[in-house]
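S.K.: File follows, data04.pdb with PDB, C-alpha atoms and all ligand atoms:
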MODEL        1
ATOM      1  CA  MET A   1      -2.173  15.282  -8.310
ATOM      2  CA  THR A   2      -2.823  13.465  -5.042
ATOM      3  CA  ARG A   3      -0.277  10.760  -4.492
ATOM      4  CA  VAL A   4      -1.381   7.184  -3.931
ATOM      5  CA  VAL A   5       0.758   4.908  -1.777
ATOM      6  CA  PHE A   6      -0.202   1.245  -2.042
ATOM      7  CA  VAL A   7       0.759  -0.945   0.910
ATOM      8  CA  THR A   8       1.225  -4.525  -0.264
ATOM      9  CA  GLY A   9       3.265  -7.458   0.965
ATOM     10  CA  SER A  10       4.939 -10.759   0.367
ATOM     11  CA  ASP A  11       2.075 -12.613   2.072
ATOM     12  CA  THR A  12      -1.007 -12.142   4.194
ATOM     13  CA  GLY A  13      -0.636 -11.290   7.884
ATOM     14  CA  VAL A  14       2.800  -9.717   7.442
ATOM     15  CA  GLY A  15       2.064  -6.295   8.963
ATOM     16  CA  LYS A  16       0.476  -4.228   6.161
ATOM     17  CA  THR A  17      -2.118  -2.777   8.527
ATOM     18  CA  VAL A  18       0.502  -1.842  11.116
ATOM     19  CA  VAL A  19       2.502  -0.022   8.434
ATOM     20  CA  THR A  20      -0.581   1.698   6.959
ATOM     21  CA  THR A  21      -1.712   2.796  10.424
ATOM     22  CA  LEU A  22       1.739   4.153  11.287
ATOM     23  CA  LEU A  23       1.928   6.119   8.030
ATOM     24  CA  THR A  24      -1.591   7.458   8.590
ATOM     25  CA  CYS A  25      -0.781   8.693  12.090
ATOM     26  CA  GLN A  26       2.534  10.191  11.003
ATOM     27  CA  LEU A  27       0.961  12.042   8.065
ATOM     28  CA  ARG A  28      -1.832  13.386  10.266
ATOM     29  CA  GLN A  29       0.745  14.572  12.770
ATOM     30  CA  GLN A  30       2.503  16.411   9.929
ATOM     31  CA  GLY A  31      -0.749  18.204   9.147
ATOM     32  CA  CYS A  32      -1.404  16.266   5.964
ATOM     33  CA  ARG A  33      -4.953  15.473   4.857
ATOM     34  CA  VAL A  34      -4.668  11.710   4.519
ATOM     35  CA  ALA A  35      -7.121   8.993   3.528
ATOM     36  CA  ALA A  36      -6.424   5.340   4.343
ATOM     37  CA  LEU A  37      -8.467   2.811   2.399
ATOM     38  CA  LYS A  38      -8.860  -0.939   2.715
ATOM     39  CA  PRO A  39     -11.128  -1.477  -0.281
ATOM     40  CA  LEU A  40     -11.564  -5.231   0.238
ATOM     41  CA  CYS A  41     -11.747  -7.225   3.459
ATOM     42  CA  SER A  42     -12.578 -10.886   3.910
ATOM     43  CA  GLY A  43     -13.077 -12.788   7.138
ATOM     44  CA  GLY A  44     -13.611  -9.712   9.313
ATOM     45  CA  ARG A  45     -13.098  -5.954   9.084
ATOM     46  CA  SER A  46     -10.440  -5.544  11.782
ATOM     47  CA  ASP A  47      -7.970  -3.957   9.341
ATOM     48  CA  ALA A  48     -10.549  -1.377   8.252
ATOM     49  CA  LEU A  49     -11.434  -0.708  11.895
ATOM     50  CA  ALA A  50      -7.748  -0.051  12.679
ATOM     51  CA  LEU A  51      -7.536   2.423   9.783
ATOM     52  CA  HIS A  52     -10.810   4.033  10.901
ATOM     53  CA  ALA A  53      -9.337   4.620  14.354
ATOM     54  CA  ALA A  54      -6.081   5.977  12.896
ATOM     55  CA  LEU A  55      -8.011   8.425  10.701
ATOM     56  CA  GLY A  56      -9.855   9.908  13.657
ATOM     57  CA  GLY A  57     -13.188  10.151  11.847
ATOM     58  CA  ALA A  58     -11.936  11.555   8.521
ATOM     59  CA  LEU A  59     -13.753   8.727   6.733
ATOM     60  CA  SER A  60     -16.562   6.368   7.727
ATOM     61  CA  LEU A  61     -15.917   2.644   7.998
ATOM     62  CA  ASP A  62     -17.896   2.030   4.806
ATOM     63  CA  GLU A  63     -15.919   4.710   2.961
ATOM     64  CA  ILE A  64     -12.691   3.042   4.062
ATOM     65  CA  ASN A  65     -13.931  -0.468   3.294
ATOM     66  CA  PRO A  66     -16.868  -0.689   0.867
ATOM     67  CA  TRP A  67     -16.462  -4.419   0.141
ATOM     68  CA  HIS A  68     -16.327  -7.011   2.903
ATOM     69  CA  PHE A  69     -17.012 -10.728   2.797
ATOM     70  CA  ARG A  70     -17.530 -13.324   5.499
ATOM     71  CA  ALA A  71     -15.224 -16.150   4.393
ATOM     72  CA  PRO A  72     -11.562 -15.851   5.484
ATOM     73  CA  LEU A  73     -10.378 -16.499   1.927
ATOM     74  CA  ALA A  74      -8.884 -14.413  -0.869
ATOM     75  CA  PRO A  75     -11.463 -11.642  -1.489
ATOM     76  CA  ALA A  76     -12.198 -12.849  -5.035
ATOM     77  CA  LEU A  77     -13.205 -16.282  -3.743
ATOM     78  CA  ALA A  78     -14.968 -14.966  -0.630
ATOM     79  CA  ALA A  79     -17.077 -12.687  -2.867
ATOM     80  CA  ARG A  80     -17.952 -15.570  -5.169
ATOM     81  CA  ARG A  81     -19.313 -17.529  -2.177
ATOM     82  CA  GLU A  82     -21.774 -14.666  -1.591
ATOM     83  CA  HIS A  83     -22.613 -14.415  -5.307
ATOM     84  CA  ARG A  84     -21.078 -10.962  -5.459
ATOM     85  CA  ARG A  85     -18.633  -9.441  -7.930
ATOM     86  CA  VAL A  86     -16.144  -6.634  -7.464
ATOM     87  CA  LEU A  87     -14.890  -5.033 -10.662
ATOM     88  CA  PRO A  88     -11.555  -3.226 -10.756
ATOM     89  CA  ALA A  89     -13.225  -0.045 -12.049
ATOM     90  CA  ALA A  90     -15.281   0.191  -8.850
ATOM     91  CA  VAL A  91     -12.180   0.011  -6.645
ATOM     92  CA  LEU A  92     -10.360   2.537  -8.825
ATOM     93  CA  ALA A  93     -13.383   4.863  -8.541
ATOM     94  CA  GLN A  94     -13.269   4.571  -4.735
ATOM     95  CA  VAL A  95      -9.587   5.569  -4.720
ATOM     96  CA  ASN A  96     -10.158   8.382  -7.235
ATOM     97  CA  GLN A  97     -12.933   9.812  -5.047
ATOM     98  CA  ALA A  98     -10.543   9.898  -2.096
ATOM     99  CA  GLN A  99      -7.867  11.528  -4.294
ATOM    100  CA  ALA A 100     -10.253  14.421  -4.931
ATOM    101  CA  ARG A 101     -10.642  15.074  -1.197
ATOM    102  CA  PHE A 102      -7.219  14.318   0.339
ATOM    103  CA  ASP A 103      -3.538  15.218  -0.105
ATOM    104  CA  VAL A 104      -2.348  11.619   0.188
ATOM    105  CA  VAL A 105      -4.279   8.379  -0.252
ATOM    106  CA  LEU A 106      -2.938   5.211   1.362
ATOM    107  CA  VAL A 107      -4.429   1.966   0.060
ATOM    108  CA  GLU A 108      -3.938  -1.328   1.869
ATOM    109  CA  GLY A 109      -4.249  -4.410  -0.315
ATOM    110  CA  ALA A 110      -5.584  -7.757   0.886
ATOM    111  CA  GLY A 111      -3.154 -10.669   1.078
ATOM    112  CA  GLY A 112       0.038 -10.578  -0.961
ATOM    113  CA  LEU A 113       0.672  -8.752  -4.234
ATOM    114  CA  LEU A 114      -0.880 -11.351  -6.554
ATOM    115  CA  SER A 115      -3.735 -12.459  -4.316
ATOM    116  CA  PRO A 116      -6.960 -12.371  -6.412
ATOM    117  CA  LEU A 117      -8.982  -9.382  -5.198
ATOM    118  CA  GLY A 118     -11.986  -9.453  -7.507
ATOM    119  CA  VAL A 119     -13.035 -10.116 -11.088
ATOM    120  CA  GLY A 120      -9.739 -10.408 -12.963
ATOM    121  CA  PHE A 121      -7.543  -8.145 -10.861
ATOM    122  CA  ASN A 122      -5.020  -8.131  -8.048
ATOM    123  CA  ALA A 123      -2.991  -5.504  -6.184
ATOM    124  CA  ARG A 124      -0.432  -5.316  -8.999
ATOM    125  CA  ASP A 125      -3.171  -4.275 -11.442
ATOM    126  CA  LEU A 126      -4.404  -1.557  -9.077
ATOM    127  CA  ILE A 127      -0.856  -0.262  -8.496
ATOM    128  CA  ALA A 128      -0.328  -0.035 -12.262
ATOM    129  CA  LYS A 129      -3.643   1.718 -12.972
ATOM    130  CA  LEU A 130      -3.252   4.147 -10.073
ATOM    131  CA  ARG A 131       0.445   4.781 -10.804
ATOM    132  CA  ALA A 132       0.807   4.228  -7.080
ATOM    133  CA  THR A 133       4.039   4.014  -5.151
ATOM    134  CA  PRO A 134       4.252   0.549  -3.573
ATOM    135  CA  VAL A 135       5.330  -0.099  -0.011
ATOM    136  CA  VAL A 136       6.220  -3.773   0.210
ATOM    137  CA  VAL A 137       5.903  -5.302   3.686
ATOM    138  CA  VAL A 138       7.956  -8.441   4.361
ATOM    139  CA  PRO A 139       8.553 -10.367   7.615
ATOM    140  CA  ASN A 140      12.196  -9.974   8.657
ATOM    141  CA  ARG A 141      13.182 -13.638   8.809
ATOM    142  CA  LEU A 142      15.163 -16.141   6.792
ATOM    143  CA  GLY A 143      13.928 -15.861   3.197
ATOM    144  CA  ALA A 144      13.018 -12.165   3.464
ATOM    145  CA  VAL A 145      15.466 -11.040   0.779
ATOM    146  CA  ASN A 146      14.126 -13.563  -1.714
ATOM    147  CA  GLN A 147      10.513 -12.643  -0.889
ATOM    148  CA  ALA A 148      11.139  -8.912  -1.216
ATOM    149  CA  LEU A 149      12.922  -9.359  -4.552
ATOM    150  CA  LEU A 150      10.163 -11.662  -5.838
ATOM    151  CA  VAL A 151       7.518  -9.022  -5.083
ATOM    152  CA  LEU A 152       9.616  -6.313  -6.746
ATOM    153  CA  ALA A 153      10.174  -8.554  -9.783
ATOM    154  CA  ALA A 154       6.409  -9.052 -10.079
ATOM    155  CA  LEU A 155       5.658  -5.308  -9.991
ATOM    156  CA  PRO A 156       5.487  -3.188 -13.142
ATOM    157  CA  ARG A 157       9.022  -1.901 -13.724
ATOM    158  CA  ALA A 158       8.245   1.777 -13.043
ATOM    159  CA  ALA A 159       6.468   0.904  -9.805
ATOM    160  CA  ALA A 160       9.302  -1.399  -8.722
ATOM    161  CA  ARG A 161      11.808   1.442  -9.161
ATOM    162  CA  ARG A 162       9.798   3.613  -6.744
ATOM    163  CA  ALA A 163       8.950   0.839  -4.277
ATOM    164  CA  GLN A 164      10.026   0.938  -0.638
ATOM    165  CA  VAL A 165      10.493  -2.229   1.411
ATOM    166  CA  VAL A 166       9.598  -2.537   5.111
ATOM    167  CA  LEU A 167      11.101  -5.484   6.992
ATOM    168  CA  VAL A 168       8.956  -6.270  10.031
ATOM    169  CA  THR A 169      10.717  -7.583  13.142
ATOM    170  CA  GLN A 170       9.362 -10.978  14.221
ATOM    171  CA  SER A 171       8.554 -12.027  17.790
ATOM    172  CA  ARG A 172      11.478 -14.447  17.709
ATOM    173  CA  PRO A 173      14.066 -12.967  15.345
ATOM    174  CA  ASP A 174      16.243 -15.585  13.664
ATOM    175  CA  ALA A 175      19.938 -15.309  12.731
ATOM    176  CA  SER A 176      19.122 -13.619   9.415
ATOM    177  CA  ALA A 177      17.163 -10.746  10.984
ATOM    178  CA  ARG A 178      20.263  -8.632  11.607
ATOM    179  CA  SER A 179      21.682  -8.984   8.099
ATOM    180  CA  ASN A 180      18.600  -9.044   5.821
ATOM    181  CA  ALA A 181      18.300  -5.255   5.572
ATOM    182  CA  ALA A 182      21.955  -4.816   4.576
ATOM    183  CA  LEU A 183      21.757  -7.644   2.036
ATOM    184  CA  LEU A 184      18.581  -6.215   0.521
ATOM    185  CA  ALA A 185      20.149  -2.751   0.469
ATOM    186  CA  GLU A 186      22.925  -4.144  -1.760
ATOM    187  CA  HIS A 187      20.196  -4.632  -4.386
ATOM    188  CA  LEU A 188      17.933  -1.651  -3.737
ATOM    189  CA  GLY A 189      20.065   0.954  -2.014
ATOM    190  CA  ARG A 190      20.031   1.692   1.688
ATOM    191  CA  ASP A 191      17.346   4.403   1.490
ATOM    192  CA  ARG A 192      14.675   2.046   0.197
ATOM    193  CA  VAL A 193      14.929  -0.541   2.970
ATOM    194  CA  HIS A 194      13.252   0.146   6.332
ATOM    195  CA  ARG A 195      13.281  -1.992   9.472
ATOM    196  CA  LEU A 196      10.217  -1.816  11.680
ATOM    197  CA  PRO A 197      10.622  -2.829  15.351
ATOM    198  CA  ARG A 198       7.929  -4.713  17.249
ATOM    199  CA  LEU A 199       5.623  -2.292  19.000
ATOM    200  CA  ARG A 200       5.805  -3.578  22.550
ATOM    201  CA  ASN A 201       6.826  -0.552  24.596
ATOM    202  CA  PRO A 202       6.857   3.263  24.251
ATOM    203  CA  ALA A 203      10.532   3.341  23.242
ATOM    204  CA  GLN A 204       9.826   0.955  20.378
ATOM    205  CA  ALA A 205       6.743   2.995  19.424
ATOM    206  CA  ALA A 206       8.934   6.121  19.238
ATOM    207  CA  SER A 207      11.414   4.264  17.067
ATOM    208  CA  ALA A 208       8.552   3.036  14.852
ATOM    209  CA  ARG A 209       7.454   6.664  14.409
ATOM    210  CA  ARG A 210      10.999   7.567  13.333
ATOM    211  CA  ILE A 211      10.937   4.703  10.808
ATOM    212  CA  ALA A 212       7.566   5.942   9.501
ATOM    213  CA  ALA A 213       8.934   9.485   9.168
ATOM    214  CA  GLY A 214      11.970   8.154   7.277
ATOM    215  CA  LEU A 215       9.738   6.104   4.999
ATOM    216  CA  LEU A 216       7.608   9.179   4.264
ATOM    217  CA  ARG A 217      10.725  11.175   3.362
ATOM    218  CA  GLN A 218      11.505   8.513   0.742
ATOM    219  CA  LEU A 219       7.907   8.414  -0.513
ATOM    220  CA  PHE A 220       7.654  12.203  -0.748
ATOM    221  CA  PRO A 221      11.231  13.380  -1.333
ATOM    222  CA  CYS A 222      10.541  17.098  -1.828
ATOM    223  CA  PRO A 223       9.256  19.140  -0.091
ATOM    224  CA  GLY A 224       6.763  16.788   1.577
ATOM    225  CA  PRO A 225       3.075  16.078   1.077
TER     226      PRO A 225
HETATM  227 MG    MG A 301      -3.861  -6.068   7.075
ENDMDL
END
Let me see whether you can do it: turn the structure in this file into structure tokens.
M.R.:
Amino acid sequence: MTRVVFVTGSDTGVGKTVVTTLLTCQLRQQGCRVAALKPLCSGGRSDALALHAALGGALSLDEINPWHFRAPLAPALAARREHRRVLPAAVLAQVNQAQARFDVVLVEGAGGLLSPLGVGFNARDLIAKLRATPVVVVPNRLGAVNQALLVLAALPRAAARRAQVVLVTQSRPDASARSNAALLAEHLGRDRVHRLPRLRNPAQAASARRIAAGLLRQLFPCPGP
């Protein structure tokens, strides 16, 4: 059965697309047939465009992102403004179609875990229905440990046990940035906590690729996708 990895986060704008793009590129490099989906976008399709570029033409923009709305609001509300409705079954069908064609399906949510995505559902509901493995993206700053643990507490228990956490380095790291990963690891174990550098130069890009490879080893322990 094709594995589904669901990239969610503690908030909007925390780096979900960066993480999804990195995983996409790394999986392609490993020879894996990967799909990256952003089912719902609101206020622009830049996330879907980034995934489209990372996929190198494996899927069309509309296959990656079937539902997009103009207002920069939670997708459920943005859809309502256009008198449109997105039902969870339609999103699940989109993911299932990709599962039939690819080895791994990455799904990027919109906003944080409980952000309303459509008619009566959020990312947590999709994760549960898809039996997806969550990757939880959290800004590495003061409060990160609380935010990561809140997201894990809100996930279905089985999904929380599988979840991986990515702490994203901020442009101006605060005093907590060096200790958050170790503190979080006391709760989750070292292997489930990943620190992503800022991607400003080639050395950092190489280190980001190593982080992505390490994350994939945790997501697909044996023998790889
Ligand atoms: Mg994004």
S.K.: Using only C-alpha atoms and all ligand atoms, tabulate the residues of chain A lying at most 7 Å from any atom of ligand MG 301 (chain A), each with its closest atom pair and that distance in Å to one decimal, by chain and increasing residue number, as JSON lines.
M.R.:
{"residue": "A:Gly13", "atom": "CA", "partner": "A:MG301", "partner_atom": "MG", "distance": 6.2}
{"residue": "A:Gly15", "atom": "CA", "partner": "A:MG301", "partner_atom": "MG", "distance": 6.2}
{"residue": "A:Lys16", "atom": "CA", "partner": "A:MG301", "partner_atom": "MG", "distance": 4.8}
{"residue": "A:Thr17", "atom": "CA", "partner": "A:MG301", "partner_atom": "MG", "distance": 4.0}
{"residue": "A:Asp47", "atom": "CA", "partner": "A:MG301", "partner_atom": "MG", "distance": 5.1}
{"residue": "A:Ala110", "atom": "CA", "partner": "A:MG301", "partner_atom": "MG", "distance": 6.6}
S.K.: Export, as a short mmCIF file (atom, residue, chain, number, x, y, z; two decimals), in the coordinates of the input, the selected residues with C-alpha atoms.
M.R.:
data_model
loop_
_atom_site.label_atom_id
_atom_site.label_comp_id
_atom_site.auth_asym_id
_atom_site.auth_seq_id
_atom_site.Cartn_x
_atom_site.Cartn_y
_atom_site.Cartn_z
CA GLY A 13 -0.64 -11.29 7.88
CA GLY A 15 2.06 -6.30 8.96
CA LYS A 16 0.48 -4.23 6.16
CA THR A 17 -2.12 -2.78 8.53
CA ASP A 47 -7.97 -3.96 9.34
CA ALA A 110 -5.58 -7.76 0.89
#
S.K.: Up to 8 Å from (-5.4, 5.8, 11.4) in the file's coordinates: name the residues, counting only C-alpha atoms, as a list of chain:residue names.
M.R.: A:Thr20, A:Thr21, A:Leu22, A:Thr24, A:Cys25, A:Ala36, A:Ala50, A:Leu51, A:His52, A:Ala53, A:Ala54, A:Leu55, A:Gly56
S.K.: Might you spell out which residues the PyMOL selection byres (((chain A and resi 89-99) around 10) and not hetatm) would select in the displayed file, as a PyMOL selection string?
M.R.: chain A and resi 1-4+34-40+59+63-67+86-88+100-107+118+121+126-127+129-130
S.K.: Which residue, A:Ala154, A:Ala148, A:Val19, A:Leu142, has the smallest gap to A:Ala123 when you use all atoms listed in the file?
M.R.: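 Ranking A:Ala154, A:Ala148, A:Val19, A:Leu142 by distance to A:Ala123, first place goes to A:Ala154.
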S.K.: Could you tell me how far atom CA of A:Ala163 sits from atom CA of A:His187, in Å to one decimal place?
M.R.: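 Separating atom CA of A:His187 from atom CA of A:Ala163 is a distance of 12.5 Å.
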S.K.: Quick one: residues within 6 Å of (10.2, 3.5, 5.0) (file frame), counting all atoms listed in the file, please, as an mmCIF file with C-alpha atoms, in the frame of the given file.
M.R.:
data_model
loop_
_atom_site.group_PDB
_atom_site.id
_atom_site.type_symbol
_atom_site.label_atom_id
_atom_site.label_comp_id
_atom_site.auth_asym_id
_atom_site.auth_seq_id
_atom_site.Cartn_x
_atom_site.Cartn_y
_atom_site.Cartn_z
ATOM 1 C CA HIS A 194 13.252 0.146 6.332
ATOM 2 C CA ILE A 211 10.937 4.703 10.808
ATOM 3 C CA ALA A 212 7.566 5.942 9.501
ATOM 4 C CA GLY A 214 11.970 8.154 7.277
ATOM 5 C CA LEU A 215 9.738 6.104 4.999
#
S.K.: Between atom CA of A:Ser46 and atom CA of A:Pro197, what distance in Å does the model show, to one decimal?
M.R.: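 So the answer is 21.5 Å.
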S.K.: Would you list the contacts of A:Pro139 as a list in words, taking every protein, DNA or RNA residue within 7 Å and counting all atoms listed in the file, but skipping same-chain residues closer than 5 positions in sequence?
M.R.: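 Returned residues: Val14, Ala144, Leu167, Val168, Thr169 and Gln170 of chain A.
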S.K.: Between atom CA of A:Ser179 and atom CA of A:Ala159, what is the distance, to one decimal in Å?
M.R.: 25.5 Å
S.K.: Go through A:Arg209, A:His68, A:Arg195, A:Arg131 one by one, measure the shortest atom-to-atom distance of each to A:Ala158 using all atoms listed in the file, and give the residue with the smallest value.
M.R.: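 The closest residue to A:Ala158 is A:Arg131.
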S.K.: Which is closest to A:Gly44 among A:Leu23, A:Cys32, A:Ala182, A:Pro75, if we use only C-alpha atoms?
M.R.: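 Using only C-alpha atoms, the shortest distance to A:Gly44 belongs to A:Pro75.
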S.K.: Which residues, written as a list in words, have at least one atom at most 9 Å from A:Ala160, with only C-alpha atoms counted and residues fewer than 4 positions away on the same chain left out?
M.R.: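 So the residues in contact are Thr133, Pro134, Val151, Leu152, Ala153, Ala154, Leu155, Pro156 and Gln164 of chain A.
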S.K.: Hey, which of A:Val165, A:Gln26, A:Val193, A:Leu77 ends up closest to A:Val119? Count only C-alpha atoms.
M.R.: A:Leu77
S.K.: Select, from A:Val145, A:Val137, A:Phe220, A:Arg124, the residue with the minimum atom-to-atom distance to A:Arg157, counting all atoms listed in the file.
M.R.: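 Looking at the shortest contact to A:Arg157, the residue is A:Arg124.
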S.K.: Centre and edge lengths, as lines of an AutoDock Vina configuration file, for the axis-aligned box enclosing every listed atom of stretch 71-89 of chain A with 6 Å of padding on each of the six sides, in Å to one decimal?
M.R.:
center_x = -15.7
center_y = -8.8
center_z = -3.3
size_x = 25.7
size_y = 29.5
size_z = 29.5
S.K.: For the provided coordinates, the residues matched by the PyMOL selection byres (((chain A and resi 73) around 12) and not hetatm) should be stated as a list in words.
M.R.: Thr12, Leu40, Cys41, Ser42, Gly43, Gly44, His68, Phe69, Arg70, Ala71, Pro72, Ala74, Pro75, Ala76, Leu77, Ala78, Ala79, Arg80, Arg81, Ala110, Gly111, Ser115, Pro116, Leu117 and Gly118 of chain A
S.K.: For the residues in the current selection, export C-alpha atoms as a PDB file, in the coordinates of the input.
M.R.:
ATOM      1  CA  THR A  12      -1.007 -12.142   4.194  1.00  0.00           C
ATOM      2  CA  LEU A  40     -11.564  -5.231   0.238  1.00  0.00           C
ATOM      3  CA  CYS A  41     -11.747  -7.225   3.459  1.00  0.00           C
ATOM      4  CA  SER A  42     -12.578 -10.886   3.910  1.00  0.00           C
ATOM      5  CA  GLY A  43     -13.077 -12.788   7.138  1.00  0.00           C
ATOM      6  CA  GLY A  44     -13.611  -9.712   9.313  1.00  0.00           C
ATOM      7  CA  HIS A  68     -16.327  -7.011   2.903  1.00  0.00           C
ATOM      8  CA  PHE A  69     -17.012 -10.728   2.797  1.00  0.00           C
ATOM      9  CA  ARG A  70     -17.530 -13.324   5.499  1.00  0.00           C
ATOM     10  CA  ALA A  71     -15.224 -16.150   4.393  1.00  0.00           C
ATOM     11  CA  PRO A  72     -11.562 -15.851   5.484  1.00  0.00           C
ATOM     12  CA  ALA A  74      -8.884 -14.413  -0.869  1.00  0.00           C
ATOM     13  CA  PRO A  75     -11.463 -11.642  -1.489  1.00  0.00           C
ATOM     14  CA  ALA A  76     -12.198 -12.849  -5.035  1.00  0.00           C
ATOM     15  CA  LEU A  77     -13.205 -16.282  -3.743  1.00  0.00           C
ATOM     16  CA  ALA A  78     -14.968 -14.966  -0.630  1.00  0.00           C
ATOM     17  CA  ALA A  79     -17.077 -12.687  -2.867  1.00  0.00           C
ATOM     18  CA  ARG A  80     -17.952 -15.570  -5.169  1.00  0.00           C
ATOM     19  CA  ARG A  81     -19.313 -17.529  -2.177  1.00  0.00           C
ATOM     20  CA  ALA A 110      -5.584  -7.757   0.886  1.00  0.00           C
ATOM     21  CA  GLY A 111      -3.154 -10.669   1.078  1.00  0.00           C
ATOM     22  CA  SER A 115      -3.735 -12.459  -4.316  1.00  0.00           C
ATOM     23  CA  PRO A 116      -6.960 -12.371  -6.412  1.00  0.00           C
ATOM     24  CA  LEU A 117      -8.982  -9.382  -5.198  1.00  0.00           C
ATOM     25  CA  GLY A 118     -11.986  -9.453  -7.507  1.00  0.00           C
TER      26      GLY A 118
END
S.K.: Between A:Leu216, A:Val166, A:Val18, A:Ala175, which is the closest to A:Leu196 once you count all atoms listed in the file?
M.R.: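 Of all the options, A:Val166 lies closest to A:Leu196.
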